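Asker: Next comes the structure file protein.txt, holding compact mmCIF, C-alpha atoms and all ligand atoms.
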```txt
# COMPACT_ATOMS: atom_id res chain seq x y z
CA MET I 1 114.64 20.53 -90.82
CA THR I 2 114.35 23.13 -88.07
CA ILE I 3 110.84 24.46 -87.72
CA THR I 4 111.45 27.83 -86.07
CA PRO I 5 112.49 29.76 -89.20
CA LEU I 6 109.44 28.37 -90.98
CA LEU I 7 106.97 29.60 -88.38
CA ALA I 8 104.98 32.74 -89.07
CA ARG I 9 105.50 35.57 -86.60
CA ARG I 10 101.95 35.08 -85.30
CA THR I 11 102.69 31.39 -84.63
CA ARG I 12 105.70 32.27 -82.49
CA ASN I 13 103.37 34.51 -80.51
CA MET I 14 101.29 31.50 -79.50
CA GLY I 15 103.97 30.30 -77.05
CA ALA I 16 103.67 27.36 -74.67
CA SER I 17 100.97 27.89 -72.13
CA ALA I 18 101.91 27.34 -68.47
CA ILE I 19 98.24 26.91 -67.66
CA ARG I 20 98.05 23.90 -69.96
CA GLU I 21 100.76 22.25 -67.86
CA ILE I 22 98.80 22.97 -64.69
CA LEU I 23 95.62 21.52 -66.19
CA LYS I 24 97.56 18.42 -67.27
CA VAL I 25 98.85 17.85 -63.73
CA ALA I 26 95.41 18.71 -62.34
CA SER I 27 93.79 15.92 -64.34
CA ARG I 28 96.01 13.21 -62.80
CA PRO I 29 94.13 10.49 -60.92
CA GLY I 30 93.65 11.28 -57.24
CA MET I 31 93.84 15.04 -57.78
CA ILE I 32 90.96 17.27 -56.65
CA SER I 33 90.85 19.92 -59.31
CA LEU I 34 89.40 23.36 -58.81
CA ALA I 35 91.49 24.38 -61.81
CA GLY I 36 89.32 23.45 -64.77
CA GLY I 37 86.59 25.55 -66.27
CA ILE I 38 84.35 22.89 -67.69
CA PRO I 39 80.72 21.93 -67.05
CA ALA I 40 79.90 18.86 -64.95
CA PRO I 41 79.17 15.85 -67.18
CA GLU I 42 76.05 15.22 -65.08
CA SER I 43 74.75 18.59 -66.29
CA PHE I 44 74.38 17.21 -69.83
CA PRO I 45 70.77 16.26 -70.67
CA MET I 46 71.65 12.63 -71.47
CA HIS I 47 68.08 11.48 -70.79
CA ILE I 48 66.81 13.28 -73.91
CA MET I 49 69.79 12.84 -76.26
CA ARG I 50 68.45 9.75 -78.04
CA ASP I 51 65.07 11.40 -78.62
CA VAL I 52 66.69 14.59 -79.90
CA ILE I 53 68.94 12.59 -82.25
CA ASP I 54 65.95 10.56 -83.50
CA SER I 55 63.89 13.66 -84.21
CA VAL I 56 66.81 15.29 -86.08
CA ILE I 57 67.10 12.23 -88.33
CA GLU I 58 63.33 12.11 -88.84
CA LYS I 59 62.97 15.82 -89.52
CA TYR I 60 66.02 16.58 -91.62
CA GLY I 61 67.14 13.18 -92.98
CA PRO I 62 70.29 13.45 -95.13
CA ASN I 63 70.23 17.27 -94.92
CA ALA I 64 71.51 16.96 -91.37
CA PHE I 65 74.65 15.31 -92.79
CA GLN I 66 75.13 17.55 -95.85
CA TYR I 67 77.30 20.64 -96.36
CA ASP I 68 75.36 23.74 -95.40
CA LEU I 69 75.60 27.54 -95.42
CA THR I 70 78.65 29.14 -93.80
CA GLU I 71 76.26 31.39 -91.85
CA GLY I 72 74.66 28.38 -90.19
CA PHE I 73 71.73 25.93 -90.27
CA LEU I 74 68.59 28.03 -90.65
CA PRO I 75 66.39 26.19 -88.09
CA LEU I 76 69.09 26.79 -85.47
CA ARG I 77 69.40 30.45 -86.40
CA GLU I 78 65.62 30.78 -86.10
CA ALA I 79 65.66 29.12 -82.68
CA LEU I 80 68.52 31.37 -81.54
CA ALA I 81 66.70 34.50 -82.73
CA ALA I 82 63.79 33.50 -80.45
CA TYR I 83 66.22 32.73 -77.59
CA LEU I 84 67.81 36.18 -78.01
CA ALA I 85 64.41 37.89 -78.12
CA ASP I 86 63.76 36.47 -74.63
CA LYS I 87 66.88 38.35 -73.49
CA GLY I 88 65.62 41.60 -75.00
CA VAL I 89 67.93 41.38 -78.03
CA ALA I 90 66.20 41.86 -81.38
CA ALA I 91 67.64 39.63 -84.12
CA ALA I 92 66.46 38.29 -87.45
CA PRO I 93 67.56 34.67 -88.00
CA GLU I 94 69.67 35.84 -90.97
CA GLN I 95 71.70 38.04 -88.61
CA VAL I 96 72.74 35.14 -86.37
CA LEU I 97 76.06 33.60 -87.37
CA ILE I 98 76.91 30.15 -86.06
CA ALA I 99 80.48 29.49 -84.90
CA SER I 100 82.39 26.40 -83.81
CA GLY I 101 82.10 27.31 -80.13
CA SER I 102 82.14 30.93 -79.06
CA GLN I 103 85.91 30.47 -79.28
CA GLY I 104 85.43 30.26 -83.06
CA ALA I 105 83.69 33.64 -82.99
CA LEU I 106 86.53 35.17 -80.93
CA ASP I 107 89.13 33.91 -83.39
CA GLY I 108 87.09 35.23 -86.33
CA LEU I 109 86.93 38.67 -84.73
CA GLY I 110 90.68 38.68 -84.10
CA LYS I 111 91.30 37.66 -87.68
CA ILE I 112 89.13 40.31 -89.34
CA LEU I 113 89.87 43.21 -86.98
CA ILE I 114 93.42 43.07 -85.56
CA SER I 115 96.53 44.15 -87.44
CA PRO I 116 99.90 44.07 -85.65
CA GLY I 117 100.09 46.95 -83.17
CA ASP I 118 96.34 47.70 -83.03
CA HIS I 119 94.93 48.49 -79.61
CA VAL I 120 92.38 46.14 -78.04
CA ALA I 121 90.82 47.14 -74.71
CA LEU I 122 89.86 44.50 -72.17
CA GLU I 123 89.13 43.86 -68.52
CA ALA I 124 91.98 43.05 -66.15
CA PRO I 125 91.72 40.13 -65.50
CA THR I 126 90.01 38.71 -68.57
CA TYR I 127 89.15 35.40 -70.26
CA LEU I 128 92.36 33.55 -71.11
CA GLY I 129 90.88 32.01 -74.28
CA ALA I 130 90.19 35.50 -75.63
CA LEU I 131 93.86 36.39 -75.13
CA GLN I 132 94.80 33.16 -76.91
CA ALA I 133 92.45 34.00 -79.78
CA PHE I 134 93.64 37.61 -80.20
CA THR I 135 97.37 37.46 -79.37
CA PRO I 136 98.50 35.74 -82.61
CA TYR I 137 97.21 38.78 -84.51
CA GLU I 138 99.65 40.91 -82.50
CA PRO I 139 97.48 43.52 -80.79
CA GLN I 140 98.62 45.87 -78.04
CA TYR I 141 96.36 45.31 -75.08
CA VAL I 142 94.94 48.19 -73.09
CA GLN I 143 93.94 46.85 -69.68
CA ILE I 144 90.89 48.69 -68.38
CA GLU I 145 90.64 48.98 -64.63
CA THR I 146 87.92 46.92 -62.94
CA ASP I 147 86.55 46.68 -59.42
CA HIS I 148 84.41 44.00 -57.75
CA ARG I 149 81.56 44.85 -60.15
CA GLY I 150 83.54 44.67 -63.37
CA MET I 151 84.79 47.24 -65.86
CA LEU I 152 84.82 50.88 -64.70
CA PRO I 153 83.14 53.07 -67.35
CA ASP I 154 85.31 56.09 -66.40
CA ALA I 155 88.46 54.04 -66.94
CA LEU I 156 87.16 52.93 -70.34
CA GLU I 157 86.36 56.50 -71.31
CA ASN I 158 89.85 57.66 -70.26
CA ALA I 159 91.47 54.89 -72.27
CA LEU I 160 89.42 55.70 -75.39
CA GLU I 161 90.38 59.35 -75.05
CA ARG I 162 94.07 58.38 -75.01
CA HIS I 163 93.94 56.26 -78.17
CA PRO I 164 91.36 54.63 -80.42
CA VAL I 165 90.95 50.87 -80.09
CA LYS I 166 89.85 48.30 -82.65
CA PHE I 167 87.39 46.94 -80.12
CA VAL I 168 86.62 46.58 -76.43
CA TYR I 169 86.21 43.02 -75.13
CA LEU I 170 84.28 42.17 -71.96
CA VAL I 171 82.35 39.36 -70.28
CA PRO I 172 79.29 40.97 -68.63
CA ASN I 173 77.83 38.09 -66.60
CA PHE I 174 79.64 35.95 -64.00
CA GLN I 175 82.88 36.71 -65.71
CA ASN I 176 85.60 34.17 -66.28
CA PRO I 177 87.78 34.33 -64.16
CA THR I 178 86.23 36.59 -61.48
CA GLY I 179 82.54 35.65 -61.38
CA ARG I 180 81.71 39.38 -61.42
CA THR I 181 78.59 40.81 -63.08
CA LEU I 182 78.44 44.26 -64.61
CA PRO I 183 75.56 46.27 -63.02
CA LEU I 184 72.80 47.79 -65.15
CA LYS I 185 74.04 51.34 -64.64
CA ARG I 186 77.51 50.45 -65.92
CA ARG I 187 76.03 48.60 -68.91
CA ARG I 188 74.14 51.77 -69.83
CA ALA I 189 77.24 53.93 -69.31
CA ILE I 190 79.42 51.63 -71.43
CA ALA I 191 76.75 51.51 -74.18
CA GLU I 192 76.73 55.31 -74.20
CA ILE I 193 80.55 55.55 -74.28
CA ILE I 194 81.07 53.11 -77.15
CA GLN I 195 78.41 54.89 -79.19
CA ARG I 196 79.90 58.33 -78.46
CA PHE I 197 83.41 57.13 -79.42
CA ASP I 198 81.97 55.09 -82.32
CA THR I 199 83.83 52.02 -81.03
CA LEU I 200 83.01 48.34 -81.37
CA LEU I 201 82.31 46.26 -78.25
CA VAL I 202 82.60 42.47 -78.14
CA GLU I 203 80.20 41.25 -75.44
CA ASP I 204 81.02 37.62 -74.63
CA ASP I 205 78.19 36.05 -72.63
CA PRO I 206 78.57 32.28 -72.13
CA TYR I 207 77.37 32.26 -68.51
CA GLY I 208 74.31 34.56 -68.44
CA ASP I 209 71.83 31.65 -68.11
CA LEU I 210 73.66 30.14 -65.13
CA ARG I 211 72.12 32.54 -62.62
CA TYR I 212 71.65 31.28 -59.04
CA ARG I 213 70.25 34.47 -57.50
CA GLY I 214 68.72 37.79 -58.53
CA THR I 215 67.23 38.92 -61.81
CA PRO I 216 68.86 38.73 -65.25
CA LEU I 217 70.29 41.98 -66.63
CA PRO I 218 69.86 43.03 -70.27
CA PRO I 219 72.86 42.55 -72.58
CA ILE I 220 74.68 45.73 -73.68
CA LYS I 221 73.78 44.54 -77.20
CA SER I 222 70.17 45.54 -76.48
CA MET I 223 71.33 49.10 -75.66
CA ALA I 224 73.73 49.73 -78.55
CA PRO I 225 72.88 47.19 -81.27
CA ASP I 226 74.96 48.90 -83.98
CA HIS I 227 78.13 48.94 -81.91
CA VAL I 228 78.09 45.53 -80.21
CA VAL I 229 79.03 42.04 -81.35
CA TYR I 230 77.19 39.73 -78.95
CA ILE I 231 78.70 36.26 -78.58
CA SER I 232 77.32 33.29 -76.74
CA THR I 233 77.38 29.50 -76.71
CA LEU I 234 75.43 26.39 -75.81
CA SER I 235 78.56 24.94 -74.15
CA LYS I 236 77.40 25.64 -70.60
CA VAL I 237 73.69 24.90 -71.06
CA PHE I 238 73.70 21.92 -73.45
CA ALA I 239 77.02 20.20 -74.23
CA PRO I 240 80.42 21.80 -74.95
CA GLY I 241 81.57 18.86 -77.08
CA LEU I 242 79.04 19.88 -79.74
CA ARG I 243 81.04 23.14 -80.20
CA MET I 244 77.96 25.24 -80.72
CA GLY I 245 78.56 28.97 -80.45
CA PHE I 246 77.12 31.98 -82.22
CA SER I 247 77.48 35.70 -82.74
CA LEU I 248 75.12 38.54 -83.46
CA ALA I 249 77.12 41.31 -85.11
CA PRO I 250 76.21 44.53 -86.90
CA ASP I 251 75.65 43.62 -90.59
CA ARG I 252 78.84 45.39 -91.72
CA VAL I 253 80.92 43.24 -89.34
CA ARG I 254 79.07 39.96 -89.97
CA ARG I 255 79.88 40.01 -93.72
CA TRP I 256 83.58 39.77 -92.92
CA LEU I 257 83.12 37.16 -90.21
CA VAL I 258 81.34 34.96 -92.76
CA LEU I 259 84.20 35.33 -95.26
CA ALA I 260 86.78 34.54 -92.57
CA LYS I 261 84.82 31.47 -91.44
CA GLN I 262 84.63 30.15 -95.01
CA GLY I 263 88.40 29.86 -94.97
CA VAL I 264 88.45 28.10 -91.59
CA ASP I 265 85.83 25.35 -91.67
CA LEU I 266 83.28 26.18 -94.41
CA HIS I 267 80.60 25.79 -91.73
CA THR I 268 80.02 24.33 -88.28
CA SER I 269 78.87 20.66 -88.13
CA THR I 270 75.39 20.49 -89.66
CA PHE I 271 74.32 17.54 -87.52
CA ASN I 272 75.37 19.28 -84.29
CA GLN I 273 73.56 22.42 -85.37
CA ALA I 274 70.43 20.37 -86.02
CA LEU I 275 70.71 18.83 -82.53
CA ALA I 276 71.02 22.30 -81.04
CA ALA I 277 68.02 23.50 -83.07
CA GLU I 278 65.93 20.64 -81.67
CA TYR I 279 67.19 21.27 -78.14
CA LEU I 280 66.08 24.90 -78.30
CA ALA I 281 62.94 24.69 -80.44
CA GLY I 282 61.69 21.56 -78.65
CA GLY I 283 61.67 23.47 -75.33
CA HIS I 284 64.37 21.20 -73.86
CA LEU I 285 66.67 24.07 -72.84
CA LYS I 286 63.91 25.80 -70.87
CA ARG I 287 63.02 22.52 -69.13
CA HIS I 288 66.60 21.45 -68.45
CA LEU I 289 68.25 24.73 -67.41
CA PRO I 290 66.70 24.74 -63.87
CA HIS I 291 68.32 21.33 -63.26
CA ILE I 292 71.76 22.68 -64.17
CA VAL I 293 71.21 25.66 -61.88
CA ASP I 294 70.07 23.33 -59.07
CA LEU I 295 73.20 21.24 -59.57
CA TYR I 296 75.65 24.16 -59.39
CA ARG I 297 74.04 26.46 -56.81
CA PRO I 298 74.76 24.18 -53.80
CA ARG I 299 78.26 23.49 -55.12
CA GLN I 300 78.99 27.21 -55.20
CA GLN I 301 77.52 27.60 -51.70
CA ALA I 302 79.65 24.73 -50.38
CA MET I 303 82.76 26.40 -51.78
CA LEU I 304 81.86 29.81 -50.35
CA ASP I 305 80.98 28.34 -46.94
CA ALA I 306 84.26 26.43 -46.81
CA MET I 307 86.23 29.53 -47.83
CA ALA I 308 84.60 31.50 -45.01
CA ARG I 309 85.68 28.76 -42.57
CA PHE I 310 89.12 27.81 -43.83
CA PHE I 311 90.67 30.69 -45.81
CA PRO I 312 93.06 32.99 -43.89
CA ASP I 313 91.66 36.39 -42.85
CA ALA I 314 94.05 38.16 -45.22
CA PHE I 315 92.02 36.86 -48.20
CA THR I 316 89.00 38.36 -49.94
CA TRP I 317 86.91 36.73 -52.67
CA SER I 318 84.00 37.29 -55.03
CA VAL I 319 80.50 36.02 -54.18
CA PRO I 320 79.11 35.56 -57.69
CA ASP I 321 75.39 35.41 -58.47
CA GLY I 322 76.04 32.66 -61.02
CA GLY I 323 78.53 31.09 -63.39
CA MET I 324 81.33 28.68 -62.61
CA PHE I 325 84.07 30.55 -60.75
CA VAL I 326 85.08 32.24 -57.51
CA TRP I 327 88.03 34.66 -57.59
CA ALA I 328 90.19 35.16 -54.53
CA GLU I 329 92.85 37.72 -53.70
CA GLY I 330 95.60 37.36 -51.14
CA PRO I 331 97.82 40.05 -49.66
CA GLU I 332 100.21 41.85 -51.99
CA GLY I 333 103.51 40.09 -52.51
CA MET I 334 102.04 36.61 -52.32
CA ASP I 335 102.99 34.33 -55.22
CA MET I 336 100.12 32.04 -56.15
CA GLU I 337 102.21 30.09 -58.68
CA ALA I 338 104.44 28.96 -55.78
CA VAL I 339 101.35 28.25 -53.65
CA ASN I 340 99.88 26.24 -56.51
CA ARG I 341 102.98 24.01 -56.64
CA LYS I 342 102.55 23.32 -52.91
CA ALA I 343 98.84 22.61 -53.39
CA LEU I 344 99.60 20.19 -56.25
CA GLU I 345 101.95 18.25 -53.93
CA ARG I 346 98.87 17.77 -51.73
CA ASN I 347 96.70 16.73 -54.69
CA THR I 348 94.69 19.93 -54.96
CA ALA I 349 94.79 22.18 -58.01
CA PHE I 350 93.67 25.70 -58.86
CA VAL I 351 94.69 28.25 -61.48
CA PRO I 352 96.94 31.14 -60.39
CA GLY I 353 95.17 34.36 -61.39
CA THR I 354 98.18 35.91 -63.09
CA PHE I 355 97.44 33.92 -66.27
CA PHE I 356 94.28 35.95 -66.81
CA PHE I 357 96.04 39.30 -67.08
CA ALA I 358 97.21 40.63 -70.43
CA ARG I 359 100.21 42.30 -68.74
CA PRO I 360 102.72 39.69 -67.55
CA GLY I 361 103.29 39.68 -63.79
CA ASP I 362 99.99 41.33 -62.85
CA GLY I 363 97.68 39.58 -60.36
CA ARG I 364 100.35 37.35 -58.78
CA GLU I 365 98.43 37.27 -55.50
CA THR I 366 95.14 36.12 -57.08
CA LEU I 367 93.58 32.73 -57.84
CA ARG I 368 90.60 31.29 -59.70
CA LEU I 369 88.54 28.47 -58.23
CA ASN I 370 86.03 26.37 -60.16
CA TYR I 371 83.15 24.66 -58.37
CA THR I 372 81.23 22.89 -61.16
CA MET I 373 83.31 19.72 -61.38
CA ALA I 374 83.12 18.32 -57.84
CA ASP I 375 80.37 17.53 -55.33
CA GLU I 376 79.85 19.59 -52.18
CA ALA I 377 81.79 17.31 -49.80
CA THR I 378 84.79 17.15 -52.14
CA LEU I 379 84.76 20.92 -52.60
CA SER I 380 84.74 21.49 -48.84
CA ARG I 381 87.65 19.10 -48.38
CA ALA I 382 89.65 20.75 -51.17
CA ILE I 383 89.07 24.23 -49.75
CA GLU I 384 90.08 23.08 -46.25
CA LEU I 385 93.33 21.74 -47.67
CA LEU I 386 93.90 24.86 -49.74
CA GLY I 387 93.24 26.98 -46.65
CA GLU I 388 96.10 25.11 -44.91
CA VAL I 389 98.45 25.62 -47.85
CA LEU I 390 97.59 29.35 -47.95
CA SER I 391 98.09 29.73 -44.18
CA ASP I 392 101.49 27.97 -44.44
CA ALA I 393 102.50 30.29 -47.29
CA LEU I 394 101.46 33.35 -45.28
CA SER I 395 103.44 32.30 -42.22
CA GLN I 396 106.69 31.87 -44.18
N1 LIG M 401 84.18 32.91 -73.51
C1 LIG M 401 84.31 32.70 -72.20
C2 LIG M 401 84.27 33.88 -71.28
C3 LIG M 401 84.48 31.40 -71.69
O1 LIG M 401 84.62 31.23 -70.37
C4 LIG M 401 84.49 30.31 -72.59
C5 LIG M 401 84.63 28.88 -72.11
N2 LIG M 401 85.61 28.61 -71.21
C6 LIG M 401 84.37 30.58 -73.96
C7 LIG M 401 84.20 31.88 -74.39
C8 LIG M 401 84.46 29.50 -75.01
O2 LIG M 401 83.42 28.61 -74.97
P1 LIG M 401 83.02 27.70 -76.19
O3 LIG M 401 84.05 27.84 -77.26
O4 LIG M 401 82.94 26.32 -75.63
O5 LIG M 401 81.70 28.20 -76.64
```
Now that the file is in, can you turn its structure into C-alpha cells?

Answerer:
Amino acid sequence: MTITPLLARRTRNMGASAIREILKVASRPGMISLAGGIPAPESFPMHIMRDVIDSVIEKYGPNAFQYDLTEGFLPLREALAAYLADKGVAAAPEQVLIASGSQGALDGLGKILISPGDHVALEAPTYLGALQAFTPYEPQYVQIETDHRGMLPDALENALERHPVKFVYLVPNFQNPTGRTLPLKRRRAIAEIIQRFDTLLVEDDPYGDLRYRGTPLPPIKSMAPDHVVYISTLSKVFAPGLRMGFSLAPDRVRRWLVLAKQGVDLHTSTFNQALAAEYLAGGHLKRHLPHIVDLYRPRQQAMLDAMARFFPDAFTWSVPDGGMFVWAEGPEGMDMEAVNRKALERNTAFVPGTFFFARPGDGRETLRLNYTMADEATLSRAIELLGEVLSDALSQ
C-alpha cells in the first residue's frame, strides 16, 4: 500500500524538518551543541521531587491517578491563578485551561481558529514550534517586521489595515529564537491596536521568569484581557518532561479550546498536574527559580564574552536580559546552513536562523545559539571554534 494518497492535505503540509536532522547530528557523542533549546537537567529541582511526589499521594490519593476534567486539575488551576495574579494578570481558576505543554495550547488554537487560506500574523523570525503547530491547518502567514526590540507596532497596524487576520502570534519575553523583549511602550501600543482592530493576540510567554537583569514587564494580557490568549508553561521553571502548559483565553475562545482538547487527550496527566500544583502552592517555584537564574546567567555571560572575543567584526548579536538564546546576524549573502555543515565537521552545532522564518529563504545569514545546556568553559570553547568557522567562511 502506498501511503501518500491516503494522507490528508494537512499531513502532507507537515513535511520533513531539516532542523530535526541537525538536532539528531548535534546530539552525537563528542558534539558540543549550541543547537538545542532545552533546559539544563541540573536546573530540575531533583532534591524536592520525592517530597513533592509523597505529598501528592498523601493529599490526593487515588484522585491523582483518576480521569479528571478536560479543563484541568482544580488545585493546579487555583495555583496558576495566584501565579498569574503576581504578574498582574487577573484570572479566576475556572478560566485557566491546562494543556499538554504550551505546545498543546498552540495546536488547540490552530485547530479551532485556522481554516485553509486564513491569515495569521507573526514575528519574523518566530518560534519554530508555533509554525509546526499552525502550518497543518494551512494558514497564510503575514510576517510582521521586527527590530532588535521585537515586533514593530506600526508594521502590525499596516498589516491589519491590509487584511484581517485570524490572530497575531508573538513571544514577548526573551523570544525564541532572538532573545528579544518587547518594551512596555510597544506592549501598550500593540494592546491598543488589537483592541481597535478587534483582533485576537496569542501571547506565548514560556521564558518570562528566566530574567537575569532588569525588571519584569507586564504581559499584554493585562492590558487587553478580552483580546489576548496568554500561554505559558512550567517547562522552563520546573520540568519539561511533565508537559505542563496552560492558557488563559477570553471565555468565548476557551469554550472551543476545551472541546478541541477533549478530542485530543481528554485531559492532561492528572498526576503531573498534581505535582505541578504542589510545586507552585508549596512555594517551591519561588524558592527554586533563583537557582535556575543563577545557573543560566553566567552561562549567558560566558557566551556573550566569548562572542565579543572570537566572532568576526562583521557580526552583530542580541544581548538578551533573560531566556535561553542569543541571535546573531552575519553580513548579507552569508549562508549559515553551509557554515553549520562546516561547524558540524568540527563537532560544534547551532541552528541556522532561516528555519525560524515563515517565508522560505529569509534570514539565511542568521543563527541561533543556546547557552543553557553547557557549562561556561565549554561554551567559550565552542564559540571560539565557531568564530574560526565563521572567519573562514567570510574569507572565502
Ligand atoms: N513556545 C515557545 C516560544 C517555546 O520556546 C517553547 C519551547 N521550546 C514552547 C512554546 C513549548 O514549550 P512546552 O510545550 O514544553 O511548554

Asker: Enumerate as a count of residues only the residues within 8 Å of ligand LIG 401 (chain M), counting only C-alpha atoms and all ligand atoms.

Answerer: 30

Asker: In Å to one decimal, how far is atom CA of Glu145 of chain I from atom CA of Leu113 of chain I?

Answerer: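 Straight-line distance from atom CA of Leu113 of chain I to atom CA of Glu145 of chain I works out to 23.1 Å.
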
Asker: Determine, counting only C-alpha atoms, which protein, DNA and RNA residues have an atom within 12 Å of an atom of Ile190 of chain I; residues of the same chain fewer than 6 positions away are not included. Present the result as a short mmCIF file (atom, residue, chain, number, x, y, z; two decimals) with C-alpha atoms, keeping the file's coordinate frame.

Answerer:
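What landed in part.cif:
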```cif
data_model
loop_
_atom_site.label_atom_id
_atom_site.label_comp_id
_atom_site.auth_asym_id
_atom_site.auth_seq_id
_atom_site.Cartn_x
_atom_site.Cartn_y
_atom_site.Cartn_z
CA GLY I 150 83.54 44.67 -63.37
CA MET I 151 84.79 47.24 -65.86
CA LEU I 152 84.82 50.88 -64.70
CA PRO I 153 83.14 53.07 -67.35
CA ASP I 154 85.31 56.09 -66.40
CA ALA I 155 88.46 54.04 -66.94
CA LEU I 156 87.16 52.93 -70.34
CA GLU I 157 86.36 56.50 -71.31
CA LEU I 160 89.42 55.70 -75.39
CA VAL I 168 86.62 46.58 -76.43
CA TYR I 169 86.21 43.02 -75.13
CA LEU I 170 84.28 42.17 -71.96
CA PRO I 172 79.29 40.97 -68.63
CA LEU I 182 78.44 44.26 -64.61
CA PRO I 183 75.56 46.27 -63.02
CA LEU I 184 72.80 47.79 -65.15
CA ARG I 196 79.90 58.33 -78.46
CA PHE I 197 83.41 57.13 -79.42
CA ASP I 198 81.97 55.09 -82.32
CA THR I 199 83.83 52.02 -81.03
CA LEU I 200 83.01 48.34 -81.37
CA LEU I 201 82.31 46.26 -78.25
CA VAL I 202 82.60 42.47 -78.14
CA GLU I 203 80.20 41.25 -75.44
CA PRO I 219 72.86 42.55 -72.58
CA ILE I 220 74.68 45.73 -73.68
CA LYS I 221 73.78 44.54 -77.20
CA MET I 223 71.33 49.10 -75.66
CA ALA I 224 73.73 49.73 -78.55
CA HIS I 227 78.13 48.94 -81.91
CA VAL I 228 78.09 45.53 -80.21
#
```

Asker: Which distance in Å separates atom CA of Val96 of chain I and atom CA of Asp226 of chain I, to one decimal?

Answerer: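 Value for the atom CA of Val96 of chain I-atom CA of Asp226 of chain I distance: 14.1 Å.
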
Asker: Between atom CA of Arg211 of chain I and atom CA of Ser318 of chain I, what is the distance in Å, rounded to a tenth?

Answerer: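 Distance between the two atoms: 14.9 Å.
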
Asker: Could you list, as an mmCIF file with C-alpha atoms, in the frame of the given file, every residue within 10 Å of segment 17-28 of chain I, counting all atoms listed in the file and ignoring same-chain residues fewer than 2 positions away?

Answerer:
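Output file around-v7.cif is given in full below:
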```
data_model
loop_
_atom_site.group_PDB
_atom_site.id
_atom_site.type_symbol
_atom_site.label_atom_id
_atom_site.label_comp_id
_atom_site.auth_asym_id
_atom_site.auth_seq_id
_atom_site.Cartn_x
_atom_site.Cartn_y
_atom_site.Cartn_z
ATOM 1 C CA MET I 14 101.290 31.500 -79.500
ATOM 2 C CA GLY I 15 103.970 30.300 -77.050
ATOM 3 C CA GLY I 30 93.650 11.280 -57.240
ATOM 4 C CA MET I 31 93.840 15.040 -57.780
ATOM 5 C CA ILE I 32 90.960 17.270 -56.650
ATOM 6 C CA SER I 33 90.850 19.920 -59.310
ATOM 7 C CA LEU I 34 89.400 23.360 -58.810
ATOM 8 C CA ALA I 35 91.490 24.380 -61.810
ATOM 9 C CA GLY I 36 89.320 23.450 -64.770
ATOM 10 C CA GLY I 37 86.590 25.550 -66.270
ATOM 11 C CA LEU I 128 92.360 33.550 -71.110
ATOM 12 C CA GLN I 132 94.800 33.160 -76.910
ATOM 13 C CA GLU I 337 102.210 30.090 -58.680
ATOM 14 C CA ASN I 340 99.880 26.240 -56.510
ATOM 15 C CA ARG I 341 102.980 24.010 -56.640
ATOM 16 C CA LEU I 344 99.600 20.190 -56.250
ATOM 17 C CA ASN I 347 96.700 16.730 -54.690
ATOM 18 C CA THR I 348 94.690 19.930 -54.960
ATOM 19 C CA ALA I 349 94.790 22.180 -58.010
ATOM 20 C CA PHE I 350 93.670 25.700 -58.860
ATOM 21 C CA VAL I 351 94.690 28.250 -61.480
ATOM 22 C CA PRO I 352 96.940 31.140 -60.390
ATOM 23 C CA PHE I 355 97.440 33.920 -66.270
ATOM 24 C CA PHE I 356 94.280 35.950 -66.810
#
```

Asker: Which residues are near Glu329 of chain I? Cut-off 9 Å, only C-alpha atoms, ignore same chain within fewer than 3 positions. Put them as JSON, numbers by chain.

Answerer: {"I": [314, 315, 316, 317, 318, 332, 353, 363, 365, 366, 367]}

Asker: From the list I:Gln396, I:Thr372, I:Ser43, I:Gln300, which residue is nearest Asp335 of chain I when using all atoms listed in the file?

Answerer: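 The shortest atom-to-atom distance to Asp335 of chain I comes from I:Gln396.
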
Asker: Which residue, I:Ala8, I:Met303, I:Ala64, I:Leu369, has the smallest gap to Val326 of chain I when you use all atoms listed in the file?

Answerer: I:Leu369

Asker: Considering all atoms listed in the file, return as a ChimeraX atom specification whatever protein or nucleic-acid residues lie within 9 Å of Arg359 of chain I, sequence-local ones (same chain, fewer than 4 positions apart) excluded.

Answerer: /I:124,141,143,354

Asker: Can you tell me which residues surround Lys286 of chain I at a distance of at most 12 Å, considering all atoms listed in the file, apart from same-chain residues fewer than 4 positions away, and format the answer as a VMD selection string?

Answerer: chain I and resid 45 83 86 209 237 to 238 279 to 282 290 to 293

Asker: Calculated over all atoms listed in the file, which of the candidates I:Leu385, I:Gly110, I:Ile48, I:Ala191 has the smallest distance to Arg287 of chain I?

Answerer: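 Closest residue, counting all atoms listed in the file: I:Ile48.
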
Asker: Let me have the centre and edge lengths of the axis-aligned box enclosing all listed atoms of segment 270-282 of chain I with 4 Å padding on every side, in Å to one decimal, as lines of an AutoDock Vina configuration file.

Answerer:
```
center_x = 68.5
center_y = 21.2
center_z = -83.9
size_x = 21.7
size_y = 15.4
size_z = 19.5
```

Asker: Quick one: of I:Val165, I:Leu379, I:Ile144, I:Met1, who's nearest to Ala302 of chain I, counting all atoms listed in the file?

Answerer: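 Going through I:Val165, I:Leu379, I:Ile144, I:Met1 one by one, the smallest distance to Ala302 of chain I is for I:Leu379.
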
Asker: Counting only C-alpha atoms, which residues have an atom no more than 8 Å from (78.4, 35.7, -62.5) in the file's coordinates? Please list them as a ChimeraX atom specification.

Answerer: /I:173-175,178-181,207-208,210-211,320-325

Asker: Can you put N, CA and C atoms back into segment 132-136 of chain I and show it as a compact mmCIF listing (two decimals), keeping the file's coordinate frame?

Answerer:
```
# COMPACT_ATOMS: atom_id res chain seq x y z
N GLN I 132 94.21 34.13 -75.98
CA GLN I 132 94.80 33.16 -76.91
C GLN I 132 94.28 33.36 -78.34
N ALA I 133 93.01 33.78 -78.45
CA ALA I 133 92.45 34.00 -79.78
C ALA I 133 93.02 35.27 -80.42
N PHE I 134 93.23 36.31 -79.62
CA PHE I 134 93.64 37.61 -80.20
C PHE I 134 95.15 37.75 -80.37
N THR I 135 95.92 37.20 -79.41
CA THR I 135 97.37 37.46 -79.37
C THR I 135 98.11 37.12 -80.68
N PRO I 136 97.78 36.01 -81.36
CA PRO I 136 98.50 35.74 -82.61
C PRO I 136 98.40 36.87 -83.64
```
